[in-house]
Amino acid sequence: MTTPVVLVERPAEGVALVRINRPDARNALNMEVRRLIAQHLTELADDAGVRCIVLTGNEKSFAAGADIKEMANIGSIEMLQRGTLKLWRTIASCPKPVIAAVNGFALGGGCELAMTCDIIIAGESAKFGQPEVKIGIIPGGGGTQRLTRAVGKFKAMRYVLTGDIFGAREAYEMGLVSELVPDADVEKHAIEMAKRIAELPPLAVEQAKEAVLRGMDASLETGLALETKAIQLLFSSEDQKEGMAAFIEKRKPVFKGR
Ligand code: HXC
């Protein structure tokens with residue numbers, strides 16, 4: 001039996017880890033990988049036992065981009081029919097926090113995949129980039145948009161127009177990487193963070209994620225209105241009552257997700 005190209009593990013209570021597993025191809029994202037990531041994320045979003053998801057690859061590569069061999073000879077209509085935007089949307093719209101744990105290469109579609117996540121934890125020797133221009137295309141999984149929103153026009157242009165690869169430290173300093181850790185600690189650190197998030201009241205976590213993401217596409221006024229509605233809504237939750245009572249009574253809260 002062949003090993004699946006995407007694996008799902010449960011490294012801790014409330015935490016799921018989705019691992020891209022095509023080591024011989026530097027985890028290049030063929031359609032099977034894309035479909036499986038989307039399918040697993042959809043299932044994990046509906047699984048009440050999962051509160052936070054870690055998406056990772058292996059020590060050499062998070063993902064080296066779209067599978068060039070699979071798309072080298074296809075035409076525009078096949079490209080359209082692949083429906084990759086729809087698949088990536090599944091990840092970007094996952095209501096639960098998704099942490100990208102990046103070691104090695106996060107190039108092209110791999111960098112774009114990391115950018116659909118909410119937090120990026122990278123190893124010190126990780127390499128990022130949008131090298132598509134070098135093979136006659138452009139980023140097609142959100143790179144021109146998400147990189148620009150993350151690091152600003154002039155840094156994004158510098159990398160999208162040259163295809164140059166940049167290191168994890170530069171990515172961190174630009175604001176693309178949330179945390180930089182020794183290579184060997186990436187997965188452990190991501191799981192630890194996911195565990196901490198999984199212990200928090202899930203309704204508050206989901207509302208916080210939604211407010212940040214929806215607000216990014218809206219005016220400040222609209223974003224603030226969304227935030228206000230979300231905090232008001234949380235005052236109907238049992239977890240808000242429990243969280244505040246526990247603080248006042250100087251005890252550990254017990255959250256139920258209600
Ligand atoms: C298909 C890939 C691949 C890819 C690596 N491989 N990246 N196969 N698609 N994106 C394969 C190689 O062909 C090789 O297969 C094996 O993985 C090992 O790769 P090497 O190049 O020998 O490894 P290394 O010297 O360590 O270099 C790693 C690398 C390099 C720097 C990541 O492989 C590389 O530059 N890859 C392409 C990166 C890239 O251009 N990404 C953007 C893709 S376009 P064999 O069979 O020879 O062992 C994209 C657009 C998205 O992402 C748009 C979506 C709509």
# chains A, B, ... in the order shown; residues from 1 in each chain; ligands from 1
>>> closest_atom_pairs(of="chain A", to="ligand 1", cutoff="9 Å", atoms="only C-alpha atoms and all ligand atoms", output="tab-separated table")
residue	atom	partner	partner_atom_place_in_ligand_line	distance
A:Arg22	CA	ligand 1	17 (O)	8.8
A:Pro23	CA	ligand 1	17 (O)	7.8
A:Asp24	CA	ligand 1	16 (C)	5.5
A:Ala25	CA	ligand 1	17 (O)	3.3
A:Arg26	CA	ligand 1	17 (O)	4.8
A:Asn27	CA	ligand 1	7 (N)	7.3
A:Ala28	CA	ligand 1	4 (C)	4.7
A:Leu29	CA	ligand 1	10 (N)	7.1
A:Asn30	CA	ligand 1	9 (N)	7.9
A:Lys60	CA	ligand 1	26 (O)	7.8
A:Ser61	CA	ligand 1	32 (C)	7.4
A:Ala63	CA	ligand 1	10 (N)	7.8
A:Ala64	CA	ligand 1	10 (N)	4.8
A:Gly65	CA	ligand 1	52 (O)	3.5
A:Ala66	CA	ligand 1	52 (O)	3.7
A:Asp67	CA	ligand 1	9 (N)	3.5
A:Ile68	CA	ligand 1	9 (N)	3.9
A:Lys69	CA	ligand 1	1 (C)	5.1
A:Glu70	CA	ligand 1	1 (C)	7.2
A:Met71	CA	ligand 1	9 (N)	8.8
A:Met79	CA	ligand 1	55 (C)	7.7
A:Arg82	CA	ligand 1	55 (C)	8.5
A:Gly83	CA	ligand 1	55 (C)	8.6
A:Thr84	CA	ligand 1	55 (C)	6.0
A:Leu85	CA	ligand 1	55 (C)	7.5
A:Gly104	CA	ligand 1	32 (C)	8.5
A:Phe105	CA	ligand 1	32 (C)	5.8
A:Ala106	CA	ligand 1	32 (C)	8.1
A:Leu107	CA	ligand 1	41 (N)	5.1
A:Gly108	CA	ligand 1	52 (O)	3.6
A:Gly109	CA	ligand 1	52 (O)	3.7
A:Gly110	CA	ligand 1	52 (O)	6.5
A:Cys111	CA	ligand 1	52 (O)	8.2
A:Glu112	CA	ligand 1	51 (C)	7.9
A:Lys127	CA	ligand 1	31 (C)	8.8
A:Gly129	CA	ligand 1	41 (N)	8.3
A:Gln130	CA	ligand 1	42 (C)	6.7
A:Pro131	CA	ligand 1	40 (O)	5.3
A:Glu132	CA	ligand 1	44 (S)	4.9
A:Val133	CA	ligand 1	44 (S)	8.5
A:Lys134	CA	ligand 1	40 (O)	7.3
A:Ile135	CA	ligand 1	40 (O)	6.8
A:Ile137	CA	ligand 1	50 (C)	7.3
A:Ile138	CA	ligand 1	50 (C)	6.7
A:Pro139	CA	ligand 1	50 (C)	5.2
A:Gly140	CA	ligand 1	53 (C)	3.8
A:Gly141	CA	ligand 1	54 (C)	4.9
A:Gly142	CA	ligand 1	53 (C)	8.4
A:Gly143	CA	ligand 1	51 (C)	8.4
A:Gly163	CA	ligand 1	40 (O)	8.7
A:Ile165	CA	ligand 1	31 (C)	8.9
>>> select_by_dssp(residues="region 8-57 of chain A", states="strand (DSSP E or B)", output="list in words")
Val8, Glu9, Arg10, Pro11, Ala12, Val15, Ala16, Leu17, Val18, Arg19, Ile20, Leu29, Cys52, Ile53, Val54, Leu55 and Thr56 of chain A
>>> write_last_selection(atoms="all heavy atoms", output="compact mmCIF listing (two decimals), in the first residue's frame")
# COMPACT_ATOMS: atom_id res chain seq x y z
N VAL A 8 -2.88 12.87 8.37
CA VAL A 8 -3.47 13.61 9.49
C VAL A 8 -3.08 12.91 10.79
O VAL A 8 -3.23 11.70 10.91
CB VAL A 8 -5.01 13.69 9.38
CG1 VAL A 8 -5.59 14.45 10.56
CG2 VAL A 8 -5.42 14.37 8.08
N GLU A 9 -2.54 13.69 11.71
CA GLU A 9 -2.13 13.15 13.01
C GLU A 9 -2.86 13.91 14.11
O GLU A 9 -3.35 15.02 13.88
CB GLU A 9 -0.61 13.30 13.18
CG GLU A 9 0.19 12.58 12.09
CD GLU A 9 1.64 13.07 11.95
OE1 GLU A 9 2.21 13.56 12.94
OE2 GLU A 9 2.18 12.96 10.83
N ARG A 10 -2.91 13.31 15.30
CA ARG A 10 -3.52 13.99 16.47
C ARG A 10 -2.45 14.07 17.55
O ARG A 10 -2.43 13.24 18.45
CB ARG A 10 -4.74 13.22 16.97
CG ARG A 10 -5.89 13.08 15.97
CD ARG A 10 -6.51 14.43 15.67
NE ARG A 10 -7.57 14.27 14.68
CZ ARG A 10 -8.87 14.37 14.95
NH1 ARG A 10 -9.28 14.68 16.15
NH2 ARG A 10 -9.76 14.21 14.00
N PRO A 11 -1.55 15.05 17.47
CA PRO A 11 -0.43 15.08 18.41
C PRO A 11 -0.79 15.49 19.84
O PRO A 11 -0.01 15.25 20.76
CB PRO A 11 0.51 16.12 17.79
CG PRO A 11 -0.37 17.01 16.99
CD PRO A 11 -1.52 16.17 16.53
N ALA A 12 -1.95 16.09 20.04
CA ALA A 12 -2.34 16.51 21.39
C ALA A 12 -3.85 16.70 21.41
O ALA A 12 -4.48 16.85 20.36
CB ALA A 12 -1.65 17.83 21.76
N VAL A 15 -5.87 19.12 19.09
CA VAL A 15 -4.97 19.57 18.01
C VAL A 15 -4.89 18.52 16.90
O VAL A 15 -4.69 17.34 17.18
CB VAL A 15 -3.54 19.82 18.55
CG1 VAL A 15 -2.59 20.24 17.43
CG2 VAL A 15 -3.56 20.88 19.65
N ALA A 16 -5.05 18.96 15.67
CA ALA A 16 -4.81 18.06 14.52
C ALA A 16 -3.63 18.60 13.73
O ALA A 16 -3.43 19.82 13.63
CB ALA A 16 -6.05 18.02 13.63
N LEU A 17 -2.83 17.68 13.21
CA LEU A 17 -1.68 18.09 12.39
C LEU A 17 -1.86 17.48 11.01
O LEU A 17 -2.08 16.28 10.88
CB LEU A 17 -0.38 17.60 13.04
CG LEU A 17 0.91 18.00 12.33
CD1 LEU A 17 1.98 18.38 13.35
CD2 LEU A 17 1.44 16.87 11.46
N VAL A 18 -1.83 18.33 9.99
CA VAL A 18 -1.97 17.89 8.60
C VAL A 18 -0.59 17.98 7.96
O VAL A 18 0.03 19.05 7.96
CB VAL A 18 -2.99 18.77 7.84
CG1 VAL A 18 -3.08 18.37 6.37
CG2 VAL A 18 -4.36 18.68 8.50
N ARG A 19 -0.09 16.84 7.47
CA ARG A 19 1.28 16.80 6.96
C ARG A 19 1.31 16.49 5.47
O ARG A 19 0.77 15.47 5.03
CB ARG A 19 2.07 15.72 7.71
CG ARG A 19 3.55 15.69 7.38
CD ARG A 19 4.24 14.48 7.99
NE ARG A 19 4.15 14.44 9.44
CZ ARG A 19 4.86 15.20 10.27
NH1 ARG A 19 5.73 16.08 9.78
NH2 ARG A 19 4.73 15.10 11.58
N ILE A 20 1.94 17.38 4.70
CA ILE A 20 2.12 17.11 3.27
C ILE A 20 3.25 16.09 3.16
O ILE A 20 4.31 16.26 3.78
CB ILE A 20 2.46 18.40 2.50
CG1 ILE A 20 1.40 19.48 2.77
CG2 ILE A 20 2.56 18.12 0.99
CD1 ILE A 20 1.80 20.87 2.33
N LEU A 29 2.93 20.56 -4.79
CA LEU A 29 1.49 20.46 -4.60
C LEU A 29 0.82 19.99 -5.88
O LEU A 29 0.45 20.82 -6.73
CB LEU A 29 0.94 21.82 -4.16
CG LEU A 29 1.60 22.42 -2.91
CD1 LEU A 29 1.30 23.92 -2.81
CD2 LEU A 29 1.11 21.70 -1.66
N CYS A 52 -7.63 23.45 17.03
CA CYS A 52 -6.57 24.19 16.32
C CYS A 52 -5.84 23.19 15.41
O CYS A 52 -5.70 22.02 15.77
CB CYS A 52 -5.60 24.82 17.31
SG CYS A 52 -4.42 25.95 16.54
N ILE A 53 -5.42 23.67 14.24
CA ILE A 53 -4.83 22.78 13.23
C ILE A 53 -3.42 23.27 12.89
O ILE A 53 -3.20 24.47 12.73
CB ILE A 53 -5.71 22.77 11.96
CG1 ILE A 53 -7.12 22.23 12.31
CG2 ILE A 53 -5.08 21.92 10.84
CD1 ILE A 53 -8.20 22.60 11.34
N VAL A 54 -2.49 22.33 12.79
CA VAL A 54 -1.13 22.66 12.35
C VAL A 54 -0.97 22.07 10.95
O VAL A 54 -1.31 20.90 10.74
CB VAL A 54 -0.07 22.07 13.31
CG1 VAL A 54 1.34 22.31 12.77
CG2 VAL A 54 -0.22 22.66 14.70
N LEU A 55 -0.47 22.86 10.02
CA LEU A 55 -0.22 22.38 8.66
C LEU A 55 1.29 22.40 8.45
O LEU A 55 1.94 23.43 8.66
CB LEU A 55 -0.92 23.31 7.66
CG LEU A 55 -0.76 23.00 6.18
CD1 LEU A 55 -1.31 21.63 5.81
CD2 LEU A 55 -1.48 24.07 5.35
N THR A 56 1.84 21.25 8.05
CA THR A 56 3.30 21.20 7.93
C THR A 56 3.74 20.28 6.79
O THR A 56 2.92 19.66 6.13
CB THR A 56 3.92 20.77 9.29
OG1 THR A 56 5.31 21.06 9.28
CG2 THR A 56 3.72 19.29 9.58
>>> closest_residue(among="A:Ala168, A:Arg51, A:Ile119, A:Glu187", to="Ala204 (chain A)", atoms="only C-alpha atoms")
A:Arg51
>>> atom_distance(atom1="CA of Arg149 (chain A)", atom2="CA of Phe128 (chain A)")
16.0 Å
>>> residues_around(residues="Ala230 (chain A)", least_positions_apart="2", cutoff="12 Å", atoms="only C-alpha atoms", output="ChimeraX atom specification")
/A:203-212,214-215,223-228,232-237
>>> write_last_selection(atoms="N, CA, C and O atoms", output="short mmCIF file (atom, residue, chain, number, x, y, z; two decimals), in the first residue's frame")
data_model
loop_
_atom_site.label_atom_id
_atom_site.label_comp_id
_atom_site.auth_asym_id
_atom_site.auth_seq_id
_atom_site.Cartn_x
_atom_site.Cartn_y
_atom_site.Cartn_z
N LEU A 203 -15.31 29.61 21.04
CA LEU A 203 -16.15 30.63 20.40
C LEU A 203 -15.39 31.95 20.32
O LEU A 203 -15.45 32.66 19.31
N ALA A 204 -14.67 32.29 21.38
CA ALA A 204 -13.89 33.54 21.38
C ALA A 204 -12.78 33.46 20.33
O ALA A 204 -12.53 34.42 19.60
N VAL A 205 -12.12 32.30 20.27
CA VAL A 205 -11.04 32.14 19.29
C VAL A 205 -11.57 32.30 17.87
O VAL A 205 -11.01 33.03 17.05
N GLU A 206 -12.70 31.66 17.58
CA GLU A 206 -13.27 31.74 16.22
C GLU A 206 -13.71 33.16 15.89
O GLU A 206 -13.52 33.64 14.78
N GLN A 207 -14.32 33.83 16.87
CA GLN A 207 -14.77 35.20 16.61
C GLN A 207 -13.57 36.12 16.39
O GLN A 207 -13.61 37.02 15.55
N ALA A 208 -12.50 35.90 17.15
CA ALA A 208 -11.29 36.73 16.98
C ALA A 208 -10.72 36.53 15.59
O ALA A 208 -10.38 37.50 14.90
N LYS A 209 -10.64 35.27 15.15
CA LYS A 209 -10.10 35.00 13.81
C LYS A 209 -10.96 35.67 12.74
O LYS A 209 -10.45 36.32 11.83
N GLU A 210 -12.26 35.51 12.88
CA GLU A 210 -13.16 36.07 11.88
C GLU A 210 -13.06 37.60 11.83
O GLU A 210 -13.05 38.20 10.75
N ALA A 211 -12.95 38.22 13.01
CA ALA A 211 -12.87 39.69 13.04
C ALA A 211 -11.61 40.18 12.34
O ALA A 211 -11.64 41.14 11.57
N VAL A 212 -10.48 39.49 12.61
CA VAL A 212 -9.22 39.91 11.96
C VAL A 212 -9.33 39.74 10.44
O VAL A 212 -9.04 40.65 9.67
N ARG A 214 -12.01 39.21 8.32
CA ARG A 214 -13.03 40.00 7.61
C ARG A 214 -12.67 41.48 7.64
O ARG A 214 -12.89 42.21 6.68
N GLY A 215 -12.10 41.91 8.77
CA GLY A 215 -11.72 43.32 8.88
C GLY A 215 -10.64 43.72 7.89
O GLY A 215 -10.59 44.86 7.44
N GLY A 223 -14.82 47.24 9.91
CA GLY A 223 -14.08 46.28 10.73
C GLY A 223 -14.39 46.47 12.21
O GLY A 223 -14.59 45.50 12.95
N LEU A 224 -14.44 47.72 12.63
CA LEU A 224 -14.73 47.99 14.05
C LEU A 224 -16.16 47.56 14.39
O LEU A 224 -16.41 47.04 15.48
N ALA A 225 -17.08 47.76 13.44
CA ALA A 225 -18.47 47.34 13.68
C ALA A 225 -18.53 45.82 13.81
O ALA A 225 -19.22 45.29 14.69
N LEU A 226 -17.79 45.11 12.94
CA LEU A 226 -17.77 43.64 13.01
C LEU A 226 -17.23 43.19 14.36
O LEU A 226 -17.75 42.29 15.00
N GLU A 227 -16.15 43.84 14.79
CA GLU A 227 -15.53 43.49 16.06
C GLU A 227 -16.51 43.70 17.22
O GLU A 227 -16.64 42.87 18.12
N THR A 228 -17.21 44.84 17.17
CA THR A 228 -18.16 45.16 18.24
C THR A 228 -19.27 44.13 18.31
O THR A 228 -19.64 43.66 19.39
N GLN A 232 -20.02 41.61 21.46
CA GLN A 232 -21.35 41.61 22.07
C GLN A 232 -21.92 40.19 22.10
O GLN A 232 -22.46 39.74 23.11
N LEU A 233 -21.76 39.48 20.96
CA LEU A 233 -22.26 38.11 20.85
C LEU A 233 -21.65 37.21 21.93
O LEU A 233 -22.34 36.40 22.55
N LEU A 234 -20.35 37.41 22.19
CA LEU A 234 -19.66 36.54 23.14
C LEU A 234 -20.20 36.69 24.57
O LEU A 234 -20.05 35.80 25.39
N PHE A 235 -20.84 37.84 24.84
CA PHE A 235 -21.42 38.02 26.17
C PHE A 235 -22.64 37.11 26.40
O PHE A 235 -23.17 37.05 27.50
N SER A 236 -23.08 36.40 25.35
CA SER A 236 -24.14 35.40 25.53
C SER A 236 -23.56 34.02 25.76
O SER A 236 -24.30 33.05 25.89
N SER A 237 -22.25 33.89 25.74
CA SER A 237 -21.67 32.55 25.86
C SER A 237 -21.43 32.18 27.32
O SER A 237 -21.10 33.03 28.15
#
>>> atom_distance(atom1="CA of Leu176 (chain A)", atom2="CA of Ala218 (chain A)")
20.7 Å
>>> residues_around(residues="Glu199 (chain A)", least_positions_apart="5", cutoff="10 Å", atoms="only C-alpha atoms", output="PyMOL selection string")
chain A and resi 13-15+51-52+194+253-256
>>> select_by_dssp(residues="region 20-255 of chain A", states="helix (DSSP H, G or I)", output="VMD selection string")
chain A and resid 23 to 25 31 to 45 68 to 71 76 to 81 84 to 92 109 to 116 131 to 135 143 to 151 153 to 162 168 to 174 183 to 198 202 to 216 220 to 234 238 to 248
>>> atom_distance(atom1="CA of Glu242 (chain A)", atom2="CA of His189 (chain A)")
28.4 Å
>>> closest_residue(among="A:Met193, A:Ala171, A:Val181, A:Ala198", to="Gly123 (chain A)", atoms="only C-alpha atoms")
A:Val181
>>> closest_residue(among="A:Lys229, A:Arg258, A:Arg158, A:Lys188", to="Pro201 (chain A)", atoms="only C-alpha atoms")
A:Arg258
>>> closest_residue(among="A:Gly152, A:Pro202, A:Gly243, A:Pro4", to="Val50 (chain A)", atoms="only C-alpha atoms")
A:Pro202
